[in-house]
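A.B. asks: Data file data20.txt (compact mmCIF, C-alpha atoms and all ligand atoms) is appended below.
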# COMPACT_ATOMS: atom_id res chain seq x y z
CA MET A 22 93.56 112.67 -19.25
CA THR A 23 94.57 109.15 -20.36
CA ILE A 24 94.60 106.29 -17.93
CA ASP A 25 96.32 103.08 -18.97
CA VAL A 26 96.54 100.07 -16.75
CA GLU A 27 98.98 98.53 -19.24
CA ASP A 28 102.00 99.95 -20.98
CA PRO A 29 100.54 101.52 -24.13
CA GLY A 30 103.70 100.61 -26.03
CA ALA A 31 103.11 96.88 -25.68
CA SER A 32 101.06 95.27 -28.46
CA ASP A 33 100.62 91.69 -27.16
CA PRO A 34 98.45 92.02 -24.02
CA ARG A 35 99.97 88.91 -22.45
CA ALA A 36 103.50 90.20 -22.94
CA SER A 37 102.63 93.75 -21.96
CA VAL A 38 104.22 95.48 -19.03
CA ARG A 39 101.62 96.05 -16.34
CA ARG A 40 101.51 99.32 -14.43
CA ARG A 41 102.11 99.15 -10.68
CA VAL A 42 99.19 98.65 -8.29
CA PHE A 43 99.43 100.19 -4.82
CA VAL A 44 97.19 98.52 -2.20
CA VAL A 45 96.44 100.49 0.98
CA GLY A 46 95.77 98.20 3.96
CA SER A 47 97.11 94.64 4.02
CA GLY A 48 94.28 92.93 5.92
CA ILE A 49 91.90 90.20 4.72
CA MET A 50 91.02 92.03 1.50
CA GLY A 51 94.23 93.97 0.77
CA SER A 52 96.36 90.81 0.95
CA GLY A 53 93.96 88.97 -1.39
CA ILE A 54 93.82 91.90 -3.85
CA ALA A 55 97.64 92.07 -3.87
CA ALA A 56 97.86 88.32 -4.59
CA GLN A 57 95.29 88.61 -7.39
CA CYS A 58 97.00 91.59 -9.04
CA ALA A 59 100.45 89.97 -8.83
CA LEU A 60 99.06 86.78 -10.36
CA ALA A 61 97.76 88.84 -13.28
CA GLY A 62 101.26 90.25 -13.85
CA TYR A 63 101.08 93.61 -12.05
CA PRO A 64 103.95 94.74 -9.85
CA VAL A 65 102.26 95.38 -6.49
CA THR A 66 103.06 97.43 -3.42
CA LEU A 67 101.16 96.19 -0.34
CA GLU A 68 101.07 98.94 2.26
CA ASP A 69 100.09 99.11 5.94
CA ILE A 70 100.74 101.30 8.96
CA THR A 71 103.44 99.09 10.51
CA GLU A 72 105.99 96.69 9.10
CA GLU A 73 104.56 93.89 11.23
CA LEU A 74 101.10 94.37 9.71
CA ALA A 75 102.49 94.60 6.16
CA ARG A 76 104.51 91.39 6.72
CA ARG A 77 101.40 89.65 8.05
CA GLY A 78 99.57 90.80 4.91
CA LEU A 79 102.32 89.40 2.69
CA ALA A 80 102.13 86.10 4.62
CA ASN A 81 98.36 86.01 3.99
CA ALA A 82 98.89 86.73 0.29
CA THR A 83 101.43 83.88 0.20
CA ARG A 84 98.92 81.54 1.89
CA ALA A 85 96.19 82.49 -0.59
CA LEU A 86 98.52 81.70 -3.51
CA GLU A 87 99.57 78.40 -1.89
CA HIS A 88 95.91 77.50 -1.44
CA ALA A 89 95.35 78.19 -5.17
CA VAL A 90 98.25 75.83 -6.00
CA ALA A 91 96.77 73.17 -3.68
CA ARG A 92 93.40 73.53 -5.47
CA LYS A 93 95.27 73.15 -8.79
CA LYS A 94 94.04 76.55 -9.97
CA ILE A 95 97.58 77.81 -10.61
CA ALA A 96 100.99 76.18 -11.10
CA PRO A 97 103.71 76.45 -8.42
CA ALA A 98 105.73 78.60 -10.88
CA ASP A 99 102.81 81.10 -11.06
CA ARG A 100 102.86 81.38 -7.27
CA GLU A 101 106.60 82.05 -7.30
CA SER A 102 106.46 84.70 -10.02
CA ALA A 103 103.45 86.36 -8.35
CA LEU A 104 105.27 86.54 -5.01
CA GLU A 105 108.30 88.09 -6.69
CA ARG A 106 106.07 90.93 -7.90
CA ILE A 107 104.83 91.92 -4.41
CA GLU A 108 106.76 94.38 -2.26
CA ILE A 109 105.62 95.72 1.09
CA ALA A 110 105.69 99.35 2.23
CA ILE A 111 104.90 101.51 5.23
CA GLY A 112 103.19 104.80 4.40
CA LEU A 113 102.00 106.15 1.07
CA ARG A 114 105.26 107.38 -0.47
CA ARG A 115 105.53 104.51 -2.99
CA ALA A 116 102.07 105.37 -4.34
CA ASP A 117 103.80 107.81 -6.71
CA SER A 118 104.88 104.95 -8.99
CA ALA A 119 101.43 103.32 -9.29
CA GLN A 120 98.75 103.78 -11.92
CA VAL A 121 96.02 102.09 -9.87
CA ILE A 122 95.58 102.64 -6.13
CA VAL A 123 93.21 100.28 -4.31
CA GLU A 124 92.30 101.36 -0.79
CA ALA A 125 91.36 98.42 1.48
CA ALA A 126 91.56 100.08 4.91
CA PRO A 127 88.82 99.48 7.54
CA GLU A 128 85.21 100.41 6.76
CA ASP A 129 85.29 103.88 8.37
CA LEU A 130 84.23 106.91 6.33
CA ALA A 131 86.41 109.44 8.19
CA LEU A 132 89.49 107.23 7.75
CA LYS A 133 88.83 106.65 4.05
CA ARG A 134 88.23 110.38 3.42
CA ARG A 135 91.56 111.20 5.08
CA LEU A 136 93.40 108.46 3.20
CA PHE A 137 91.99 109.63 -0.14
CA SER A 138 93.20 113.19 0.53
CA GLU A 139 96.66 111.87 1.43
CA LEU A 140 96.68 109.63 -1.64
CA GLU A 141 95.80 112.57 -3.87
CA GLU A 142 99.02 114.24 -2.68
CA ALA A 143 101.17 111.10 -2.83
CA ALA A 144 100.03 109.49 -6.10
CA SER A 145 100.66 110.45 -9.70
CA PRO A 146 97.90 112.84 -10.94
CA SER A 147 97.00 110.29 -13.63
CA ALA A 148 96.49 107.37 -11.22
CA ILE A 149 92.97 106.20 -10.43
CA LEU A 150 91.98 106.16 -6.77
CA ALA A 151 89.79 103.14 -6.06
CA SER A 152 88.13 102.08 -2.81
CA ASN A 153 87.24 98.51 -1.94
CA THR A 154 84.52 99.73 0.42
CA SER A 155 81.64 97.30 0.74
CA SER A 156 78.99 99.86 1.67
CA LEU A 157 80.15 103.50 1.93
CA PRO A 158 79.21 105.92 -0.87
CA ILE A 159 82.18 106.62 -3.17
CA THR A 160 81.01 110.24 -3.55
CA ALA A 161 81.32 110.69 0.23
CA ILE A 162 84.77 109.05 0.35
CA ALA A 163 85.96 111.39 -2.45
CA GLN A 164 84.35 114.59 -1.15
CA ASP A 165 87.60 116.23 0.05
CA LEU A 166 89.54 115.58 -3.17
CA LYS A 167 90.57 118.48 -5.39
CA ASP A 168 89.81 116.13 -8.29
CA PRO A 169 86.91 113.84 -7.20
CA GLY A 170 86.60 112.71 -10.83
CA ARG A 171 89.44 110.22 -10.34
CA ALA A 172 87.78 108.26 -7.51
CA VAL A 173 85.84 105.05 -8.15
CA GLY A 174 84.65 101.97 -6.25
CA ILE A 175 86.18 98.60 -7.15
CA HIS A 176 84.54 96.13 -4.77
CA PHE A 177 86.23 92.72 -4.56
CA PHE A 178 84.81 89.70 -2.74
CA ASN A 179 86.28 87.44 -0.09
CA PRO A 180 88.31 85.28 -0.73
CA VAL A 181 89.56 87.42 -3.63
CA LEU A 182 91.37 84.65 -5.56
CA GLN A 183 88.26 82.45 -5.55
CA MET A 184 85.45 84.95 -6.06
CA PRO A 185 84.88 85.84 -9.73
CA LEU A 186 82.88 89.03 -9.19
CA VAL A 187 83.89 92.68 -8.95
CA GLU A 188 81.32 95.42 -8.38
CA LEU A 189 82.18 98.70 -10.10
CA ILE A 190 80.81 101.88 -8.52
CA PRO A 191 81.23 105.27 -10.18
CA GLY A 192 80.77 108.18 -7.78
CA HIS A 193 78.62 111.12 -8.82
CA ARG A 194 81.65 112.99 -10.14
CA THR A 195 83.73 110.09 -11.48
CA ARG A 196 84.90 110.74 -15.04
CA PRO A 197 83.87 108.18 -17.70
CA GLU A 198 87.52 107.39 -18.58
CA VAL A 199 88.20 106.55 -14.93
CA VAL A 200 85.21 104.17 -14.90
CA GLU A 201 86.49 102.53 -18.09
CA ALA A 202 90.04 102.23 -16.72
CA ALA A 203 88.66 100.61 -13.56
CA ARG A 204 86.53 98.25 -15.63
CA SER A 205 89.45 97.16 -17.81
CA PHE A 206 91.67 96.80 -14.72
CA ALA A 207 89.11 94.46 -13.06
CA ALA A 208 88.68 92.52 -16.31
CA SER A 209 92.48 92.17 -16.61
CA LEU A 210 92.34 90.30 -13.27
CA GLY A 211 89.89 87.81 -14.81
CA LYS A 212 86.90 89.16 -12.90
CA THR A 213 83.35 89.58 -14.14
CA VAL A 214 82.28 93.17 -13.58
CA VAL A 215 78.82 94.41 -12.60
CA ALA A 216 78.13 98.11 -12.25
CA SER A 217 76.12 99.69 -9.45
CA ALA A 218 74.91 103.21 -8.75
CA ASP A 219 76.55 104.92 -5.79
CA THR A 220 73.88 104.13 -3.22
CA PRO A 221 74.57 102.69 0.25
CA GLY A 222 75.55 99.00 0.05
CA PHE A 223 75.48 99.03 -3.78
CA VAL A 224 73.87 95.79 -5.09
CA THR A 225 75.64 92.96 -3.30
CA THR A 226 76.11 94.33 0.21
CA ARG A 227 72.53 95.58 0.35
CA ALA A 228 71.25 92.13 -0.68
CA LEU A 229 73.58 90.37 1.75
CA ALA A 230 72.60 92.61 4.66
CA VAL A 231 68.89 91.93 4.24
CA LEU A 232 69.43 88.19 3.78
CA VAL A 233 71.45 87.91 6.99
CA ASN A 234 69.28 90.32 9.00
CA GLU A 235 66.06 88.49 8.09
CA ALA A 236 67.62 85.20 9.23
CA ALA A 237 68.63 86.84 12.53
CA TRP A 238 65.07 88.19 13.04
CA MET A 239 63.62 84.69 12.39
CA LEU A 240 65.96 83.19 14.97
CA TYR A 241 65.15 86.04 17.41
CA GLU A 242 61.41 85.44 16.95
CA GLY A 243 61.79 81.67 17.45
CA VAL A 244 60.58 80.82 13.94
CA ALA A 245 63.25 78.11 13.56
CA THR A 246 66.63 77.03 14.90
CA LYS A 247 69.81 78.47 13.35
CA GLU A 248 70.70 75.04 11.98
CA ASP A 249 67.30 74.70 10.28
CA ILE A 250 67.44 78.26 8.89
CA ASP A 251 70.92 77.55 7.46
CA THR A 252 69.69 74.26 5.97
CA ALA A 253 66.59 75.97 4.53
CA TYR A 254 68.66 78.62 2.73
CA LYS A 255 71.16 76.02 1.46
CA LEU A 256 68.80 73.31 0.25
CA GLY A 257 65.86 75.59 -0.58
CA PHE A 258 67.77 78.20 -2.56
CA HIS A 259 70.99 76.40 -3.51
CA HIS A 260 73.07 78.83 -1.42
CA PRO A 261 76.53 77.36 -0.75
CA MET A 262 76.38 78.60 2.87
CA GLY A 263 73.56 79.31 5.28
CA PRO A 264 73.12 82.92 6.50
CA PHE A 265 74.59 82.20 9.95
CA GLU A 266 77.60 80.39 8.46
CA LEU A 267 78.03 83.35 6.11
CA VAL A 268 77.78 86.08 8.74
CA ASP A 269 80.27 84.17 10.92
CA LEU A 270 82.69 84.38 7.96
CA VAL A 271 82.03 88.06 7.21
CA GLY A 272 82.08 89.13 10.89
CA ILE A 273 78.95 89.96 12.89
CA ASP A 274 80.39 93.39 13.78
CA THR A 275 80.89 94.08 10.07
CA ALA A 276 77.30 93.01 9.33
CA VAL A 277 75.97 95.41 11.98
CA ALA A 278 78.17 98.24 10.63
CA ILE A 279 76.82 97.62 7.13
CA LEU A 280 73.20 97.59 8.34
CA ASP A 281 73.87 100.90 10.10
CA VAL A 282 75.25 102.42 6.86
CA LEU A 283 72.08 101.25 5.05
CA TRP A 284 69.88 102.58 7.85
CA ASP A 285 71.69 105.95 7.80
CA GLY A 286 71.46 106.10 4.02
CA PHE A 287 67.82 105.06 3.50
CA ARG A 288 66.05 105.45 6.90
CA ASP A 289 64.04 102.40 5.89
CA PRO A 290 63.00 99.86 8.59
CA ARG A 291 64.12 97.06 6.26
CA TYR A 292 67.65 97.85 7.44
CA ARG A 293 66.94 97.92 11.20
CA ALA A 294 69.62 95.60 12.60
CA CYS A 295 68.15 92.74 14.64
CA PRO A 296 69.01 93.33 18.33
CA LEU A 297 70.39 89.79 18.50
CA LEU A 298 73.23 90.84 16.19
CA ARG A 299 74.11 93.83 18.41
CA THR A 300 74.02 91.65 21.54
CA MET A 301 76.42 89.20 19.92
CA VAL A 302 78.83 92.05 19.07
CA ALA A 303 78.66 93.27 22.69
CA ALA A 304 79.44 89.70 23.82
CA LYS A 305 82.43 89.70 21.41
CA LYS A 306 80.94 86.77 19.53
CA LEU A 307 82.04 88.16 16.16
CA GLY A 308 82.19 84.95 14.13
CA ARG A 309 85.22 82.99 12.95
CA LYS A 310 87.66 85.81 13.69
CA SER A 311 86.87 85.67 17.43
CA GLY A 312 86.49 81.87 17.55
CA GLU A 313 82.72 82.05 18.16
CA GLY A 314 79.71 83.60 16.47
CA PHE A 315 76.53 81.71 15.76
CA TYR A 316 78.77 78.63 15.76
CA VAL A 317 81.95 77.76 17.69
CA TYR A 318 85.20 77.35 15.73
CA PRO A 319 88.25 75.36 16.78
CA PRO A 320 91.43 77.51 16.54
CA ALA A 321 92.41 75.87 13.20
CA ASP A 322 89.18 77.08 11.55
CA ALA A 323 89.04 80.54 13.15
CA GLY A 324 90.56 83.76 11.85
N1 LIG A 401 86.19 91.27 4.84
C1 LIG A 401 85.39 91.13 3.80
O1 LIG A 401 84.77 90.08 3.60
C2 LIG A 401 85.23 92.28 2.81
C3 LIG A 401 84.69 92.02 1.55
C4 LIG A 401 84.61 93.06 0.62
C5 LIG A 401 85.01 94.34 0.97
N2 LIG A 401 85.51 94.58 2.22
C6 LIG A 401 85.97 95.94 2.52
O2 LIG A 401 87.38 95.97 2.38
C7 LIG A 401 87.93 96.93 3.29
C8 LIG A 401 88.96 96.23 4.18
O3 LIG A 401 88.31 95.19 4.89
P1 LIG A 401 89.15 93.98 5.54
O4 LIG A 401 88.15 92.96 5.91
O5 LIG A 401 90.32 93.64 4.68
O6 LIG A 401 89.69 94.70 6.87
P2 LIG A 401 90.91 94.28 7.80
O7 LIG A 401 90.64 94.85 9.13
O8 LIG A 401 91.23 92.82 7.66
O9 LIG A 401 92.18 95.06 7.12
C9 LIG A 401 92.31 96.47 7.15
C10 LIG A 401 93.82 96.78 7.12
O10 LIG A 401 93.98 98.18 6.97
C11 LIG A 401 95.04 98.59 7.80
N3 LIG A 401 94.94 100.01 8.07
C12 LIG A 401 94.24 100.65 9.04
N4 LIG A 401 94.44 101.98 8.95
C13 LIG A 401 95.26 102.18 7.90
C14 LIG A 401 95.87 103.33 7.31
N5 LIG A 401 95.65 104.54 7.78
N6 LIG A 401 96.69 103.15 6.24
C15 LIG A 401 96.95 101.91 5.75
N7 LIG A 401 96.41 100.78 6.28
C16 LIG A 401 95.59 100.92 7.33
C17 LIG A 401 94.91 97.72 9.04
O11 LIG A 401 96.13 97.67 9.78
C18 LIG A 401 94.53 96.37 8.42
O12 LIG A 401 95.68 95.60 8.11
C19 LIG A 401 86.74 97.52 4.05
O13 LIG A 401 86.34 98.70 3.43
C20 LIG A 401 85.68 96.43 3.91
O14 LIG A 401 84.37 96.93 4.01
C21 LIG A 401 85.65 93.58 3.14
Would you mind writing the structure in this file as structure tokens?
C.D. replies:
Amino acid sequence: MTIDVEDPGASDPRASVRRRVFVVGSGIMGSGIAAQCALAGYPVTLEDITEELARRGLANATRALEHAVARKKIAPADRESALERIEIAIGLRRADSAQVIVEAAPEDLALKRRLFSELEEAASPSAILASNTSSLPITAIAQDLKDPGRAVGIHFFNPVLQMPLVELIPGHRTRPEVVEAARSFAASLGKTVVASADTPGFVTTRALAVLVNEAAWMLYEGVATKEDIDTAYKLGFHHPMGPFELVDLVGIDTAVAILDVLWDGFRDPRYRACPLLRTMVAAKKLGRKSGEGFYVYPPADAG
């Protein structure tokens, strides 16, 4: 089995014809991944369950590219040509023309297992099936596939256009050529790739979960105020954001879901979610996306 992310007939990599990328789910991550792939020259299909959602995803991808122009990271002409490469779709039918599928649907194992089975039917047999999961084992996502060797984790970071890292996660049955194709695909997007074993939370999400949870426990125990904890992490460790600013960006519900995946996977008390986080989820204080988390956000800064 050969997997090329570029047309093997093209000799100059910059002039080469990129293979299509099919992105499942056009939310925060899917729209950013679509923008990043289009910027790197790939034709992209951005898919969601309704046209309204797919259009919203395309609008978010457009905004991300406009933001990159405003930050002088790309030229206006790059934005235009990238946007011309993105089409939207409803349903998985168009997956048949893609060589790389990136699933960015919600962090729900049952949903991802079902989507992977459907993608195996819809996509070309030579396409790689990648998940952007931030914590779920790739082996578990791929368990219903007839060919689990084609599944791999390609974990992007938010916001995709600004974050230089991609975490690469081979499942227990992933074939070496699929891992290499995923690695060269991520590198072709200009990302630095780190590899992780297929354990819950991989490297980055496991580290993030503990960092945020420990801050929540310190606040819960009255060790310090949230402002002082944020300042301590920023000025003491050179972190660009404090843990409460960060979890407000990620989503407090997402942080609890990740801690639960780690708890289920390891049964280690290190991953016991602080009750304060669960209370905030029950109170619908989810962070920026709900307008309030540890901090309050005016409508212009929410979402
Ligand atoms: N948000 C982050 O900071 C972040 C960072 C890295 C990885 N991730 C991971 O990326 C994935 C997506 O997260 P997100 O934050 O973009 O979520 P999101 O909720 O913003 O987007 C998910 C999208 O998937 C769509 N969707 C739901 N069911 C679908 C289906 N059956 N078929 C196609 N589309 C479907 C939804 O309509 C929505 O548009 C998750 O696995 C998450 O863990 C998130």
A.B. asks: List as a VMD selection string the protein and nucleic acid residues near region 213-227 of chain A, meaning an atom at most 10 Å away when only C-alpha atoms are counted, but skip any in the same chain fewer than 2 places from it.
C.D. replies: chain A and resid 154 to 161 173 to 178 184 to 193 200 203 to 205 207 to 211 229 to 232 276 279 to 280 282 to 287 292
A.B. asks: Please indicate the distance in Å from atom C16 of ligand LIG 401 (chain A) to CA of Ser118 (chain A), rounded to one decimal place.
C.D. replies: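 CA of Ser118 (chain A) lies at a distance of 19.2 Å from atom C16 of ligand LIG 401 (chain A).
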A.B. asks: Kindly work out which residues sit at most 6 Å from ligand LIG 401 (chain A), using all atoms listed in the file, and give the list as an MDAnalysis selection string.
C.D. replies: chainID A and resid 45:51 69:70 74 125:128 153:155 177:179 271
A.B. asks: Hey, which of A:Ala228, A:Ile149, A:Ala91, A:Leu130 ends up closest to Arg291 (chain A)? Count all atoms listed in the file.
C.D. replies: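 Residue with the minimum atom-to-atom distance to Arg291 (chain A): A:Ala228.
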A.B. asks: Report, in Å with one decimal, the straight-line distance from CA of Thr300 (chain A) to CA of Lys247 (chain A).
C.D. replies: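 Computed distance, CA of Thr300 (chain A) to CA of Lys247 (chain A), equals 16.1 Å.
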A.B. asks: What is the CA of Arg134 (chain A)-CA of Ala148 (chain A) distance in Å, reported with one decimal?
C.D. replies: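 Interatomic distance, CA of Arg134 (chain A) to CA of Ala148 (chain A): 17.1 Å.
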A.B. asks: For the interface of region 188-275 of chain A with region 307-311 of chain A (cut-off 6 Å, counting only C-alpha atoms), please tabulate each contacting residue of region 188-275 of chain A alongside its nearest pair of atoms and their separation in Å to one decimal, rows sorted by chain and increasing number, as CSV.
C.D. replies:
residue,atom,partner,partner_atom,distance
A:Asp269,CA,A:Gly308,CA,3.8
A:Leu270,CA,A:Arg309,CA,5.8
A:Gly272,CA,A:Gly308,CA,5.3
A:Ile273,CA,A:Leu307,CA,4.8
A:Asp274,CA,A:Leu307,CA,6.0
A.B. asks: Pick out the residues sitting within 12 Å of Glu105 (chain A), and hand them over as a PyMOL selection string; count only C-alpha atoms, and ignore anything fewer than 2 positions along from it in its own chain.
C.D. replies: chain A and resi 55-56+59-60+62-66+79+82-83+98-103+107-109
A.B. asks: Let me know the centre plus edge lengths, in Å and rounded to one decimal, of a box with edges along x, y and z that contains all listed atoms of region 45-53 of chain A and is padded by 5 Å on every side, as AutoDock Vina command-line options.
C.D. replies:
--center_x 94.1 --center_y 94.7 --center_z 2.3 --size_x 16.1 --size_y 21.5 --size_z 17.3
A.B. asks: When you look at Asp117 (chain A) with a cut-off of 8 Å (counting all atoms listed in the file), what residues show up, excluding the ones that are within fewer than 2 positions of it in the same chain? I need them as an MDAnalysis selection string.
C.D. replies: chainID A and resid 114:115 119 143:145
A.B. asks: Of the candidates A:Pro169, A:Asp129, A:Glu201, A:Val181, which one gets nearest to Ala278 (chain A) if we count only C-alpha atoms?
C.D. replies: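 Closest residue, counting only C-alpha atoms: A:Asp129.
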A.B. asks: May I ask which of the residues A:Gln120, A:Asp165, A:Leu240, A:Lys94 is the closest one to Ala202 (chain A), counting all atoms listed in the file?
C.D. replies: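 When distances to Ala202 (chain A) are compared using all atoms listed in the file, the smallest one comes from A:Gln120.
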A.B. asks: Could you give me region 273-287 of chain A completed to N, CA and C atoms, formatted as a short mmCIF file (atom, residue, chain, number, x, y, z; two decimals), in the frame of the given file?
C.D. replies:
data_model
loop_
_atom_site.label_atom_id
_atom_site.label_comp_id
_atom_site.auth_asym_id
_atom_site.auth_seq_id
_atom_site.Cartn_x
_atom_site.Cartn_y
_atom_site.Cartn_z
N ILE A 273 80.26 89.44 12.48
CA ILE A 273 78.95 89.96 12.89
C ILE A 273 79.04 91.47 13.13
N ASP A 274 80.19 91.94 13.61
CA ASP A 274 80.39 93.39 13.78
C ASP A 274 80.32 94.10 12.43
N THR A 275 80.92 93.49 11.41
CA THR A 275 80.89 94.08 10.07
C THR A 275 79.45 94.12 9.55
N ALA A 276 78.70 93.05 9.79
CA ALA A 276 77.30 93.01 9.33
C ALA A 276 76.49 94.12 9.98
N VAL A 277 76.70 94.34 11.28
CA VAL A 277 75.97 95.41 11.98
C VAL A 277 76.39 96.78 11.42
N ALA A 278 77.69 96.95 11.19
CA ALA A 278 78.17 98.24 10.63
C ALA A 278 77.53 98.50 9.27
N ILE A 279 77.42 97.47 8.47
CA ILE A 279 76.82 97.62 7.13
C ILE A 279 75.33 97.97 7.26
N LEU A 280 74.63 97.27 8.14
CA LEU A 280 73.20 97.59 8.34
C LEU A 280 73.03 99.03 8.80
N ASP A 281 73.95 99.51 9.63
CA ASP A 281 73.87 100.90 10.10
C ASP A 281 74.11 101.90 8.96
N VAL A 282 75.03 101.56 8.03
CA VAL A 282 75.25 102.42 6.86
C VAL A 282 73.97 102.46 6.02
N LEU A 283 73.32 101.31 5.84
CA LEU A 283 72.08 101.25 5.05
C LEU A 283 70.97 102.03 5.76
N TRP A 284 70.89 101.86 7.07
CA TRP A 284 69.88 102.58 7.85
C TRP A 284 70.09 104.10 7.74
N ASP A 285 71.37 104.51 7.91
CA ASP A 285 71.69 105.95 7.80
C ASP A 285 71.36 106.48 6.41
N GLY A 286 71.64 105.65 5.40
CA GLY A 286 71.46 106.10 4.02
C GLY A 286 70.01 106.14 3.56
N PHE A 287 69.19 105.19 4.02
CA PHE A 287 67.82 105.06 3.50
C PHE A 287 66.73 105.38 4.52
#
